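Participant: Next up, work_33.pdb (PDB, C-alpha atoms).
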ATOM      1  CA  MET A   1     -20.633  10.308  -0.342
ATOM      2  CA  ILE A   2     -18.314  12.425   1.785
ATOM      3  CA  SER A   3     -15.562  10.630   3.695
ATOM      4  CA  ARG A   4     -13.471  12.447   6.257
ATOM      5  CA  TYR A   5     -11.234  12.180   9.296
ATOM      6  CA  SER A   6     -12.764  14.007  12.237
ATOM      7  CA  ALA A   7     -10.908  16.936  13.747
ATOM      8  CA  VAL A   8      -9.027  16.350  16.995
ATOM      9  CA  SER A   9      -8.181  18.594  19.909
ATOM     10  CA  GLY A  10      -5.379  20.993  19.124
ATOM     11  CA  GLY A  11      -4.401  21.324  22.759
ATOM     12  CA  GLU A  12      -5.468  23.524  25.629
ATOM     13  CA  GLY A  13      -6.753  26.853  24.381
ATOM     14  CA  GLU A  14      -6.278  25.879  20.725
ATOM     15  CA  ALA A  15      -8.868  25.243  18.018
ATOM     16  CA  PRO A  16      -9.538  21.670  16.816
ATOM     17  CA  LYS A  17      -7.323  20.514  13.956
ATOM     18  CA  LEU A  18      -7.131  17.729  11.404
ATOM     19  CA  PRO A  19      -5.191  14.629  12.550
ATOM     20  CA  TYR A  20      -2.748  15.044   9.675
ATOM     21  CA  SER A  21      -0.909  17.619   7.608
ATOM     22  CA  ILE A  22       0.186  17.676   3.960
ATOM     23  CA  ASP A  23       3.675  18.829   3.023
ATOM     24  CA  SER A  24       4.720  20.750  -0.091
ATOM     25  CA  GLU A  25       5.164  17.518  -2.082
ATOM     26  CA  GLY A  26       1.656  16.302  -1.309
ATOM     27  CA  LYS A  27       2.747  13.689   1.222
ATOM     28  CA  VAL A  28       0.385  13.042   4.127
ATOM     29  CA  ILE A  29       2.021  13.283   7.569
ATOM     30  CA  TRP A  30      -0.049  11.619  10.306
ATOM     31  CA  ASP A  31       0.104  13.068  13.819
ATOM     32  CA  PHE A  32      -0.270   9.657  15.496
ATOM     33  CA  ILE A  33       2.848   8.408  13.685
ATOM     34  CA  VAL A  34       4.930  11.521  14.350
ATOM     35  CA  GLU A  35       3.902  11.502  18.023
ATOM     36  CA  ASN A  36       4.276   7.702  18.284
ATOM     37  CA  LYS A  37       0.720   7.256  19.565
ATOM     38  CA  PRO A  38      -0.723   4.248  17.669
ATOM     39  CA  ASP A  39      -3.857   4.264  19.829
ATOM     40  CA  ASP A  40      -4.705   7.711  18.431
ATOM     41  CA  LYS A  41      -4.905   6.454  14.836
ATOM     42  CA  PRO A  42      -7.931   8.239  13.318
ATOM     43  CA  GLU A  43     -10.815   6.373  11.716
ATOM     44  CA  LEU A  44     -12.109   7.219   8.271
ATOM     45  CA  GLU A  45     -15.805   7.973   8.649
ATOM     46  CA  LEU A  46     -18.858   8.958   6.685
ATOM     47  CA  ALA A  47     -19.543  12.641   7.287
ATOM     48  CA  THR A  48     -22.749  13.510   9.170
ATOM     49  CA  TRP A  49     -24.652  16.634  10.149
ATOM     50  CA  VAL A  50     -27.562  17.254  12.491
ATOM     51  CA  THR A  51     -30.753  19.273  12.238
ATOM     52  CA  GLU A  52     -33.233  20.304  14.907
ATOM     53  CA  ASN A  53     -36.936  20.901  14.322
ATOM     54  CA  GLU A  54     -39.306  23.273  16.115
ATOM     55  CA  ASP A  55     -39.976  20.690  18.835
ATOM     56  CA  GLY A  56     -36.285  20.323  19.606
ATOM     57  CA  ASP A  57     -36.018  16.869  18.036
ATOM     58  CA  VAL A  58     -32.530  16.250  16.646
ATOM     59  CA  THR A  59     -31.986  14.238  13.453
ATOM     60  CA  THR A  60     -28.603  12.979  12.244
ATOM     61  CA  HIS A  61     -28.097  12.920   8.465
ATOM     62  CA  THR A  62     -25.362  11.002   6.628
ATOM     63  CA  ALA A  63     -23.538  12.397   3.608
ATOM     64  CA  HIS A  64     -24.469   9.473   1.399
ATOM     65  CA  ILE A  65     -26.569   9.478  -1.763
ATOM     66  CA  SER A  66     -27.876   6.353  -3.463
ATOM     67  CA  GLU A  67     -28.428   6.752  -7.199
ATOM     68  CA  SER A  68     -31.171   4.125  -7.050
ATOM     69  CA  ALA A  69     -33.384   6.630  -5.235
ATOM     70  CA  HIS A  70     -33.256   8.820  -8.338
ATOM     71  CA  PHE A  71     -33.974   6.291 -11.080
ATOM     72  CA  GLN A  72     -36.701   7.410 -13.453
ATOM     73  CA  LYS A  73     -39.905   5.355 -13.329
ATOM     74  CA  ASP A  74     -42.689   4.807 -15.834
ATOM     75  CA  GLU A  75     -46.418   5.081 -15.193
ATOM     76  CA  HIS A  76     -46.383   1.593 -13.673
ATOM     77  CA  GLY A  77     -43.661   2.434 -11.169
ATOM     78  CA  LYS A  78     -41.039   0.390 -13.034
ATOM     79  CA  TRP A  79     -37.550   1.680 -13.698
ATOM     80  CA  VAL A  80     -36.945   3.229 -17.109
ATOM     81  CA  ILE A  81     -34.081   1.304 -18.719
ATOM     82  CA  GLY A  82     -31.767   3.092 -21.150
ATOM     83  CA  SER A  83     -30.076   1.813 -24.298
ATOM     84  CA  ASP A  84     -27.068   0.730 -22.204
ATOM     85  CA  GLY A  85     -29.253  -1.650 -20.217
ATOM     86  CA  LEU A  86     -29.032   0.439 -17.035
ATOM     87  CA  PRO A  87     -31.718   2.487 -15.254
ATOM     88  CA  VAL A  88     -32.025   6.112 -16.394
ATOM     89  CA  ILE A  89     -31.140   8.636 -13.670
ATOM     90  CA  ASP A  90     -33.253  11.721 -12.980
ATOM     91  CA  GLN A  91     -30.372  14.203 -13.032
ATOM     92  CA  ALA A  92     -32.441  17.108 -11.666
ATOM     93  CA  SER A  93     -33.541  15.063  -8.665
ATOM     94  CA  LEU A  94     -29.988  13.825  -8.089
ATOM     95  CA  GLN A  95     -28.567  17.361  -8.257
ATOM     96  CA  ALA A  96     -31.138  18.567  -5.732
ATOM     97  CA  GLU A  97     -30.024  15.823  -3.334
ATOM     98  CA  LYS A  98     -26.362  16.766  -3.840
ATOM     99  CA  ASP A  99     -27.220  20.378  -2.987
ATOM    100  CA  ARG A 100     -29.093  19.253   0.136
ATOM    101  CA  VAL A 101     -26.086  17.282   1.373
ATOM    102  CA  LEU A 102     -23.550  20.018   0.615
ATOM    103  CA  ASP A 103     -25.781  22.671   2.195
ATOM    104  CA  GLY A 104     -25.943  20.548   5.346
ATOM    105  CA  PHE A 105     -22.316  21.452   6.063
ATOM    106  CA  LYS A 106     -22.579  25.218   5.588
ATOM    107  CA  VAL A 107     -20.686  27.424   8.025
ATOM    108  CA  ASP A 108     -21.575  31.119   8.055
ATOM    109  CA  GLY A 109     -23.502  30.596   4.817
ATOM    110  CA  LYS A 110     -20.537  29.004   3.020
ATOM    111  CA  ARG A 111     -20.272  25.340   2.065
ATOM    112  CA  THR A 112     -17.531  23.403   3.846
ATOM    113  CA  PHE A 113     -17.348  20.735   1.135
ATOM    114  CA  GLN A 114     -17.566  20.757  -2.655
ATOM    115  CA  GLU A 115     -17.949  17.999  -5.232
ATOM    116  CA  CYS A 116     -14.729  16.131  -6.034
ATOM    117  CA  THR A 117     -13.280  17.320  -9.351
ATOM    118  CA  ASP A 118     -11.453  14.171 -10.533
ATOM    119  CA  SER A 119     -14.000  11.468 -11.350
ATOM    120  CA  THR A 120     -11.217   8.962 -12.111
ATOM    121  CA  TYR A 121      -9.709   9.164  -8.600
ATOM    122  CA  HIS A 122     -11.667   7.200  -6.028
ATOM    123  CA  TYR A 123     -11.550   7.065  -2.226
ATOM    124  CA  GLU A 124     -10.938  10.809  -1.930
ATOM    125  CA  VAL A 125     -11.708  12.594   1.341
ATOM    126  CA  ASN A 126     -13.211  15.980   2.221
ATOM    127  CA  CYS A 127     -15.344  16.287  -0.926
ATOM    128  CA  LEU A 128     -18.564  14.814  -2.314
ATOM    129  CA  GLU A 129     -17.220  11.830  -4.224
ATOM    130  CA  TYR A 130     -18.836   9.573  -6.793
ATOM    131  CA  ARG A 131     -17.927   5.922  -6.355
ATOM    132  CA  PRO A 132     -18.839   3.672  -9.282
ATOM    133  CA  GLY A 133     -20.624   0.493  -8.330
ATOM    134  CA  ASN A 134     -20.734  -2.887 -10.022
ATOM    135  CA  GLY A 135     -23.639  -2.010 -12.292
ATOM    136  CA  ILE A 136     -26.204  -3.912 -10.221
ATOM    137  CA  PRO A 137     -28.958  -1.582  -8.948
ATOM    138  CA  VAL A 138     -29.926  -1.811  -5.279
ATOM    139  CA  THR A 139     -33.263  -1.151  -3.627
ATOM    140  CA  GLY A 140     -34.612  -0.257  -0.201
ATOM    141  CA  GLY A 141     -32.917   0.876   2.973
ATOM    142  CA  MET A 142     -30.906  -2.349   3.169
ATOM    143  CA  TYR A 143     -29.592  -1.827  -0.389
ATOM    144  CA  VAL A 144     -30.608  -5.280  -1.608
ATOM    145  CA  PRO A 145     -29.193  -5.988  -5.114
ATOM    146  CA  ALA A 146     -31.877  -6.066  -7.796
ATOM    147  CA  TYR A 147     -30.551  -9.125  -9.579
ATOM    148  CA  THR A 148     -32.011 -10.319 -12.858
ATOM    149  CA  GLU A 149     -32.776 -14.009 -13.207
ATOM    150  CA  LEU A 150     -30.640 -15.423 -16.016
ATOM    151  CA  ASN A 151     -30.979 -18.505 -18.125
ATOM    152  CA  LEU A 152     -27.859 -20.651 -18.139
ATOM    153  CA  GLY A 153     -27.229 -20.526 -21.854
ATOM    154  CA  ASP A 154     -24.118 -20.134 -23.978
ATOM    155  CA  LYS A 155     -23.636 -16.434 -23.183
ATOM    156  CA  GLU A 156     -24.084 -17.006 -19.461
ATOM    157  CA  ALA A 157     -21.665 -19.934 -19.474
ATOM    158  CA  ARG A 158     -19.062 -17.788 -21.200
ATOM    159  CA  ALA A 159     -19.571 -15.085 -18.568
ATOM    160  CA  MET A 160     -18.912 -17.654 -15.841
ATOM    161  CA  VAL A 161     -15.696 -18.670 -17.585
ATOM    162  CA  LYS A 162     -14.694 -15.015 -17.783
ATOM    163  CA  ALA A 163     -15.189 -14.670 -14.010
ATOM    164  CA  ALA A 164     -12.648 -17.472 -13.559
ATOM    165  CA  ASP A 165     -10.102 -15.826 -15.888
ATOM    166  CA  LEU A 166      -6.866 -16.508 -14.015
ATOM    167  CA  GLY A 167      -4.795 -14.188 -16.168
ATOM    168  CA  THR A 168      -7.096 -11.218 -15.676
ATOM    169  CA  ASN A 169      -7.578 -11.897 -11.968
ATOM    170  CA  ILE A 170      -3.886 -12.193 -11.117
ATOM    171  CA  GLU A 171      -3.224  -9.030 -13.138
ATOM    172  CA  LEU A 172      -5.936  -7.157 -11.203
ATOM    173  CA  LEU A 173      -4.424  -8.197  -7.864
ATOM    174  CA  TYR A 174      -0.971  -7.191  -9.085
ATOM    175  CA  GLN A 175      -2.206  -3.757 -10.179
ATOM    176  CA  HIS A 176      -3.997  -3.317  -6.824
ATOM    177  CA  GLU A 177      -0.791  -4.082  -4.930
ATOM    178  CA  ARG A 178       1.150  -1.867  -7.313
ATOM    179  CA  TYR A 179      -1.224   0.975  -6.436
ATOM    180  CA  PHE A 180      -0.376   0.712  -2.730
ATOM    181  CA  ARG A 181       3.343   0.165  -3.230
ATOM    182  CA  THR A 182       3.582   3.349  -5.312
ATOM    183  CA  SER A 183       1.254   5.433  -3.114
ATOM    184  CA  GLY A 184      -1.327   5.580  -5.891
ATOM    185  CA  GLN A 185       1.095   6.690  -8.619
ATOM    186  CA  LYS A 186       0.732   3.460 -10.611
ATOM    187  CA  GLY A 187      -1.644   0.525 -10.763
ATOM    188  CA  LYS A 188      -5.357   0.546 -10.018
ATOM    189  CA  ARG A 189      -7.081  -0.003  -6.699
ATOM    190  CA  LEU A 190      -9.896  -2.550  -6.449
ATOM    191  CA  SER A 191     -12.994  -2.046  -4.352
ATOM    192  CA  SER A 192     -13.012  -4.116  -1.158
ATOM    193  CA  VAL A 193     -15.816  -6.269  -2.598
ATOM    194  CA  ASP A 194     -13.931  -7.095  -5.803
ATOM    195  CA  LEU A 195     -10.656  -7.535  -3.923
ATOM    196  CA  ASN A 196     -12.074 -10.120  -1.530
ATOM    197  CA  ARG A 197     -13.977 -11.905  -4.298
ATOM    198  CA  ILE A 198     -10.927 -12.253  -6.540
ATOM    199  CA  TYR A 199      -8.550 -13.005  -3.656
ATOM    200  CA  GLN A 200     -10.707 -15.852  -2.321
ATOM    201  CA  ASN A 201     -11.105 -17.245  -5.828
ATOM    202  CA  MET A 202      -7.356 -17.206  -6.444
ATOM    203  CA  THR A 203      -6.520 -19.024  -3.203
ATOM    204  CA  VAL A 204      -8.198 -22.089  -4.715
ATOM    205  CA  TRP A 205      -5.997 -21.895  -7.801
ATOM    206  CA  LEU A 206      -2.703 -20.949  -6.139
ATOM    207  CA  TRP A 207      -2.520 -22.611  -2.738
ATOM    208  CA  ASN A 208      -1.352 -25.965  -4.037
ATOM    209  CA  ASN A 209       1.501 -27.486  -6.029
ATOM    210  CA  LEU A 210      -0.364 -27.999  -9.288
ATOM    211  CA  ASP A 211       1.504 -27.465 -12.545
ATOM    212  CA  TYR A 212      -0.233 -25.074 -14.929
ATOM    213  CA  ARG A 213       0.451 -24.907 -18.651
ATOM    214  CA  TYR A 214      -0.263 -22.559 -21.537
ATOM    215  CA  GLU A 215      -0.414 -24.132 -24.985
ATOM    216  CA  ILE A 216       0.081 -21.896 -28.011
ATOM    217  CA  GLY A 217      -2.665 -22.150 -30.597
ATOM    218  CA  LYS A 218      -5.367 -23.192 -28.165
ATOM    219  CA  ASP A 219      -8.176 -20.988 -26.880
ATOM    220  CA  ASP A 220      -6.882 -19.408 -23.659
ATOM    221  CA  GLU A 221     -10.232 -18.528 -22.054
ATOM    222  CA  LEU A 222      -8.843 -18.866 -18.522
ATOM    223  CA  GLY A 223      -5.790 -16.682 -19.154
ATOM    224  CA  PHE A 224      -3.145 -19.341 -18.493
ATOM    225  CA  GLU A 225      -0.550 -17.415 -20.506
ATOM    226  CA  ARG A 226      -0.454 -14.438 -18.125
ATOM    227  CA  PHE A 227      -1.032 -16.661 -15.097
ATOM    228  CA  THR A 228       1.996 -18.875 -15.832
ATOM    229  CA  GLN A 229       4.109 -15.802 -16.586
ATOM    230  CA  PHE A 230       3.544 -14.613 -13.016
ATOM    231  CA  LEU A 231       4.359 -18.080 -11.652
ATOM    232  CA  ASN A 232       7.640 -18.033 -13.570
ATOM    233  CA  CYS A 233       8.493 -14.594 -12.180
ATOM    234  CA  TYR A 234       8.205 -16.019  -8.654
ATOM    235  CA  THR A 235      10.098 -19.260  -9.392
ATOM    236  CA  ARG A 236      13.024 -18.050 -11.513
ATOM    237  CA  ASP A 237      11.293 -19.582 -14.575
ATOM    238  CA  GLN A 238      11.136 -23.030 -12.977
ATOM    239  CA  ALA A 239       7.346 -23.140 -13.270
ATOM    240  CA  GLN A 240       7.736 -23.248 -17.065
ATOM    241  CA  GLY A 241       4.262 -24.162 -18.337
ATOM    242  CA  GLY A 242       4.985 -22.952 -21.859
ATOM    243  CA  THR A 243       5.926 -19.394 -20.861
ATOM    244  CA  SER A 244       8.649 -17.456 -19.060
ATOM    245  CA  CYS A 245       8.768 -14.334 -16.904
ATOM    246  CA  PRO A 246       8.467 -11.243 -19.160
ATOM    247  CA  ILE A 247      11.396  -8.842 -18.918
ATOM    248  CA  ASP A 248       9.210  -5.822 -18.124
ATOM    249  CA  LEU A 249       7.245  -7.641 -15.411
ATOM    250  CA  LYS A 250      10.442  -9.001 -13.860
ATOM    251  CA  ALA A 251      11.933  -5.503 -13.756
ATOM    252  CA  GLU A 252       8.808  -3.973 -12.183
ATOM    253  CA  LEU A 253       8.557  -6.691  -9.511
ATOM    254  CA  ALA A 254      12.179  -5.992  -8.629
ATOM    255  CA  ARG A 255      11.665  -2.223  -8.610
ATOM    256  CA  LEU A 256       8.724  -2.640  -6.235
ATOM    257  CA  ASN A 257      10.862  -4.906  -4.026
ATOM    258  CA  MET A 258       8.442  -7.813  -4.484
ATOM    259  CA  VAL A 259      10.996 -10.190  -6.044
ATOM    260  CA  TYR A 260      14.746  -9.607  -5.710
ATOM    261  CA  ASP A 261      16.810  -9.009  -8.863
ATOM    262  CA  ASP A 262      20.352 -10.045  -9.778
ATOM    263  CA  THR A 263      21.896  -7.515  -7.381
ATOM    264  CA  ALA A 264      20.620  -9.470  -4.347
ATOM    265  CA  GLY A 265      23.379 -12.071  -4.496
ATOM    266  CA  SER A 266      22.293 -15.414  -3.045
ATOM    267  CA  TYR A 267      18.772 -14.023  -2.556
ATOM    268  CA  THR A 268      18.271 -13.355  -6.275
ATOM    269  CA  GLY A 269      14.851 -14.543  -7.418
ATOM    270  CA  GLN A 270      13.472 -14.883  -3.907
ATOM    271  CA  MET A 271      10.264 -13.103  -2.983
ATOM    272  CA  ASN A 272      10.091 -10.447  -0.314
ATOM    273  CA  PRO A 273       7.360 -11.499   2.169
ATOM    274  CA  SER A 274       6.812  -7.831   3.093
ATOM    275  CA  TYR A 275       6.385  -8.763   6.756
ATOM    276  CA  PRO A 276       4.150  -7.667   8.456
ATOM    277  CA  LEU A 277       1.713  -8.285   5.623
ATOM    278  CA  ASN A 278      -1.794  -6.929   4.987
ATOM    279  CA  TYR A 279      -3.508  -8.805   2.160
ATOM    280  CA  MET A 280      -5.899  -5.887   1.599
ATOM    281  CA  GLU A 281      -2.920  -3.886   0.347
ATOM    282  CA  LYS A 282      -0.621  -6.654  -0.913
ATOM    283  CA  PRO A 283      -2.866  -9.521  -2.086
ATOM    284  CA  LEU A 284      -0.484 -10.966  -4.688
ATOM    285  CA  THR A 285       2.367 -11.194  -2.182
ATOM    286  CA  ARG A 286       0.046 -12.921   0.299
ATOM    287  CA  LEU A 287      -1.109 -15.432  -2.322
ATOM    288  CA  MET A 288       2.417 -16.307  -3.448
ATOM    289  CA  LEU A 289       3.576 -16.560   0.159
ATOM    290  CA  GLY A 290       0.789 -19.081   0.719
ATOM    291  CA  ARG A 291       1.754 -21.030  -2.396
ATOM    292  CA  SER A 292       5.340 -21.345  -1.155
ATOM    293  CA  PHE A 293       4.052 -23.739   1.535
ATOM    294  CA  TRP A 294       3.337 -26.321  -1.182
ATOM    295  CA  ASP A 295       5.416 -25.173  -4.158
ATOM    296  CA  TYR A 296       9.067 -25.247  -3.147
ATOM    297  CA  ASP A 297      10.084 -23.486  -6.359
ATOM    298  CA  VAL A 298       8.709 -20.304  -4.768
ATOM    299  CA  LYS A 299      11.606 -19.233  -2.554
ATOM    300  CA  VAL A 300      10.930 -16.792   0.276
ATOM    301  CA  ASP A 301      13.435 -14.533   2.017
ATOM    302  CA  ILE A 302      12.892 -15.493   5.662
ATOM    303  CA  ARG A 303      15.111 -12.774   7.126
ATOM    304  CA  PRO A 304      12.173 -10.458   7.960
ATOM    305  CA  PHE A 305      10.709 -13.213  10.163
ATOM    306  CA  LEU A 306      13.860 -13.774  12.202
ATOM    307  CA  VAL A 307      14.046 -12.254  15.664
ATOM    308  CA  SER A 308      16.845 -12.008  18.183
ATOM    309  CA  LEU A 309      16.569 -14.634  20.883
ATOM    310  CA  ARG A 310      17.272 -13.793  24.497
ATOM    311  CA  VAL A 311      18.814 -16.431  26.673
ATOM    312  CA  ILE A 312      16.786 -16.513  29.869
ATOM    313  CA  PRO A 313      18.704 -18.084  32.787
ATOM    314  CA  VAL A 314      17.026 -21.017  34.451
ATOM    315  CA  GLY A 315      16.527 -20.564  38.166
ATOM    316  CA  ARG A 316      14.305 -21.432  41.046
ATOM    317  CA  HIS A 317      11.021 -19.604  41.526
TER     318      HIS A 317
END
Take the structure from the file and write it as C-alpha cells.
Facilitator:
Amino acid sequence: MISRYSAVSGGEGEAPKLPYSIDSEGKVIWDFIVENKPDDKPELELATWVTENEDGDVTTHTAHISESAHFQKDEHGKWVIGSDGLPVIDQASLQAEKDRVLDGFKVDGKRTFQECTDSTYHYEVNCLEYRPGNGIPVTGGMYVPAYTELNLGDKEARAMVKAADLGTNIELLYQHERYFRTSGQKGKRLSSVDLNRIYQNMTVWLWNNLDYRYEIGKDDELGFERFTQFLNCYTRDQAQGGTSCPIDLKAELARLNMVYDDTAGSYTGQMNPSYPLNYMEKPLTRLMLGRSFWDYDVKVDIRPFLVSLRVIPVGRH
C-alpha cells in the first residue's frame, strides 16, 4: 500500500506543496504546528489515482494490494499451502499488480513512487510499503479472515495460555511506548489491532489492587516474573511479589521520563502521567495511571493536572 499526506496550496501563484518539511537531521517539521493552525492538521490517506475510459467514465483506484488475491490455487480452486503452513504466493502475479499500481502514478512517463527499501520499517509514507499481517489469510472484498476450525486440545490450550502471557504483553506495550517516546529510535511499534487487543486484555489484569507473585522454581507460563518487575518499578519495589525492579529497566523508565529517578527529590519514584495522554502512543503509562486509582502504591505526579484558578467576583446579573 502507499500512504501519503496530500499536497496543500502553496499560496497565491505558487505550486502545491507537502504539508511538512524535513530538516538536515531528518526531523519532520509540520506546517500546521509552525503556523499554529491546528485545524489544518493533515490526514494520512491511502493514495489513489483515476482513469478514464473511452466513454468518459472515471474510475478511482486505491494503492492497495491484497496478497490473498495472488495465492496459488490447485486444480480444485483451493489454496496451495507451503511447508510453513501458509498459502503460496504467485510472485509473478503479485509483481504485475505492483507494477500496475506504481504505473498509475506516472508523471511525464516517470513513476512518482517506488517500492520502500527497508522491509523492517513499517508505516512509511510516499512509497509502496509491505505491511506484515497476522498470518491469517483474508478473502473477498470485505477481507473476511479465513479462520481454521481448531480442536481444543493440549496444543490449543497452551496457545490460549500464551495469549494471556502477562510478561510478554506488558513488555510489548512498553516497547510500543518506547518507540513513540524515542521517535522510532528504540522499541517496536505494534499494529493498531494488536495494540488494542493487548491493551484491553491488560486492563483486566491491572485495573485493580490485586497482589501478584512470582515463585522461583515454578512454571511461569503467564510471565509473572516480568510482570511483577514492572509493578515494582512503578511502586518503588513495594509491590514485591518475589521480584524487584531491574536496574536497567529502572534507568530506562527514568531516561524516558516515565518514572522519576533519585534526582527528582520528593517526587522520586512517582510516575509521570504524561498529560495530555494518548493511549495509542503511551499504553503502559495509561494502564499504570488507571491502576493508581486502586493501588495506592503507584504514586502519580499530579502537577501536570493542576491549573491556575481565577477568582471571579460575584455580582448581580
Participant: Between CA of Val34 (chain A) and CA of Gly11 (chain A), what is the distance, to one decimal in Å?
Facilitator: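 We find that CA of Val34 (chain A) and CA of Gly11 (chain A) lie 15.9 Å from each other.
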Participant: Can you list, as a ChimeraX atom specification, every protein, DNA or RNA residue that comes within 12 Å of Met271 (chain A) when you count all atoms listed in the file, leaving out same-chain residues fewer than 6 positions away?
Facilitator: /A:231-236,250,253-254,256-261,264,284-292,297-304
Participant: Report the residues retrieved by the PyMOL selection byres ((chain A and resi 130) around 8) from the displayed file, expressed as a PyMOL selection string.
Facilitator: chain A and resi 1+116+119+122+128-129+131-132
Participant: May I have the residues at most 12 Å from (-10.6, -14.5, -6.0) in the file's coordinates, counting all atoms listed in the file, as a ChimeraX atom specification?
Facilitator: /A:163-173,190,192-207,283-284,287
Participant: Just give me the gap between CA of Asp90 (chain A) and CA of Gln72 (chain A) in Å, one decimal is fine.
Facilitator: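 Separating CA of Asp90 (chain A) from CA of Gln72 (chain A) is a distance of 5.5 Å.
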Participant: Need the shell around region 27-30 of chain A: protein/DNA/RNA residues with any atom at most 12 Å away, counting only C-alpha atoms. Skip same-chain ones fewer than 3 positions apart. Format as a PDB file with C-alpha atoms, in the frame of the given file?
Facilitator:
ATOM      1  CA  TYR A   5     -11.234  12.180   9.296  1.00  0.00           C
ATOM      2  CA  LEU A  18      -7.131  17.729  11.404  1.00  0.00           C
ATOM      3  CA  PRO A  19      -5.191  14.629  12.550  1.00  0.00           C
ATOM      4  CA  TYR A  20      -2.748  15.044   9.675  1.00  0.00           C
ATOM      5  CA  SER A  21      -0.909  17.619   7.608  1.00  0.00           C
ATOM      6  CA  ILE A  22       0.186  17.676   3.960  1.00  0.00           C
ATOM      7  CA  ASP A  23       3.675  18.829   3.023  1.00  0.00           C
ATOM      8  CA  SER A  24       4.720  20.750  -0.091  1.00  0.00           C
ATOM      9  CA  ILE A  33       2.848   8.408  13.685  1.00  0.00           C
ATOM     10  CA  VAL A  34       4.930  11.521  14.350  1.00  0.00           C
ATOM     11  CA  GLU A  35       3.902  11.502  18.023  1.00  0.00           C
ATOM     12  CA  ASN A  36       4.276   7.702  18.284  1.00  0.00           C
ATOM     13  CA  LYS A  37       0.720   7.256  19.565  1.00  0.00           C
ATOM     14  CA  PRO A  38      -0.723   4.248  17.669  1.00  0.00           C
ATOM     15  CA  ASP A  40      -4.705   7.711  18.431  1.00  0.00           C
ATOM     16  CA  LYS A  41      -4.905   6.454  14.836  1.00  0.00           C
ATOM     17  CA  PRO A  42      -7.931   8.239  13.318  1.00  0.00           C
ATOM     18  CA  SER A 183       1.254   5.433  -3.114  1.00  0.00           C
ATOM     19  CA  GLY A 184      -1.327   5.580  -5.891  1.00  0.00           C
TER      20      GLY A 184
END
Participant: At what distance in Å, to one decimal, does CA of Asp103 (chain A) lie from CA of Asn126 (chain A)?
Facilitator: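 Between CA of Asn126 (chain A) and CA of Asp103 (chain A) the gap works out to 14.2 Å.
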Participant: Given the file above and the PyMOL selection byres ((chain A and resi 48) around 10), which residues are selected, and can you give them as a ChimeraX atom specification?
Facilitator: /A:2-4,45-47,49-50,60-64,101,104-105
Participant: May I ask which of the residues A:Leu210, A:Val138, A:Ile216, A:Gln114 is the closest one to Asp295 (chain A), counting all atoms listed in the file?
Facilitator: A:Leu210
Participant: Would you mind telling me which residue in A:Thr228, A:Pro145, A:Gly133, A:Glu177 lies nearest to Ser191 (chain A) when using only C-alpha atoms?
Facilitator: A:Gly133
Participant: Between A:Val107, A:Ala15, A:Leu102, A:Ile136, single out the one closest to Glu67 (chain A), counting only C-alpha atoms.
Facilitator: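 Looking only at the distances to Glu67 (chain A), the closest residue turns out to be A:Ile136.
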Participant: Find the residues with any atom within 10 Å of (-2.6, -18.1, -21.1); use all atoms listed in the file and the coordinates as given in the file, and write the answer as a PDB file with C-alpha atoms, keeping the file's coordinate frame.
Facilitator:
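Generated file (part.pdb):
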ATOM      1  CA  ASP A 165     -10.102 -15.826 -15.888  1.00  0.00           C
ATOM      2  CA  LEU A 166      -6.866 -16.508 -14.015  1.00  0.00           C
ATOM      3  CA  GLY A 167      -4.795 -14.188 -16.168  1.00  0.00           C
ATOM      4  CA  THR A 168      -7.096 -11.218 -15.676  1.00  0.00           C
ATOM      5  CA  TYR A 212      -0.233 -25.074 -14.929  1.00  0.00           C
ATOM      6  CA  ARG A 213       0.451 -24.907 -18.651  1.00  0.00           C
ATOM      7  CA  TYR A 214      -0.263 -22.559 -21.537  1.00  0.00           C
ATOM      8  CA  GLU A 215      -0.414 -24.132 -24.985  1.00  0.00           C
ATOM      9  CA  ILE A 216       0.081 -21.896 -28.011  1.00  0.00           C
ATOM     10  CA  LYS A 218      -5.367 -23.192 -28.165  1.00  0.00           C
ATOM     11  CA  ASP A 219      -8.176 -20.988 -26.880  1.00  0.00           C
ATOM     12  CA  ASP A 220      -6.882 -19.408 -23.659  1.00  0.00           C
ATOM     13  CA  GLU A 221     -10.232 -18.528 -22.054  1.00  0.00           C
ATOM     14  CA  LEU A 222      -8.843 -18.866 -18.522  1.00  0.00           C
ATOM     15  CA  GLY A 223      -5.790 -16.682 -19.154  1.00  0.00           C
ATOM     16  CA  PHE A 224      -3.145 -19.341 -18.493  1.00  0.00           C
ATOM     17  CA  GLU A 225      -0.550 -17.415 -20.506  1.00  0.00           C
ATOM     18  CA  ARG A 226      -0.454 -14.438 -18.125  1.00  0.00           C
ATOM     19  CA  PHE A 227      -1.032 -16.661 -15.097  1.00  0.00           C
ATOM     20  CA  THR A 228       1.996 -18.875 -15.832  1.00  0.00           C
ATOM     21  CA  GLN A 229       4.109 -15.802 -16.586  1.00  0.00           C
ATOM     22  CA  GLY A 241       4.262 -24.162 -18.337  1.00  0.00           C
ATOM     23  CA  GLY A 242       4.985 -22.952 -21.859  1.00  0.00           C
ATOM     24  CA  THR A 243       5.926 -19.394 -20.861  1.00  0.00           C
TER      25      THR A 243
END
Participant: Closest to Cys127 (chain A) among A:Lys98, A:His70, A:Lys17, A:Asp154, using all atoms listed in the file?
Facilitator: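 Distance minimum relative to Cys127 (chain A) lands on A:Lys98.
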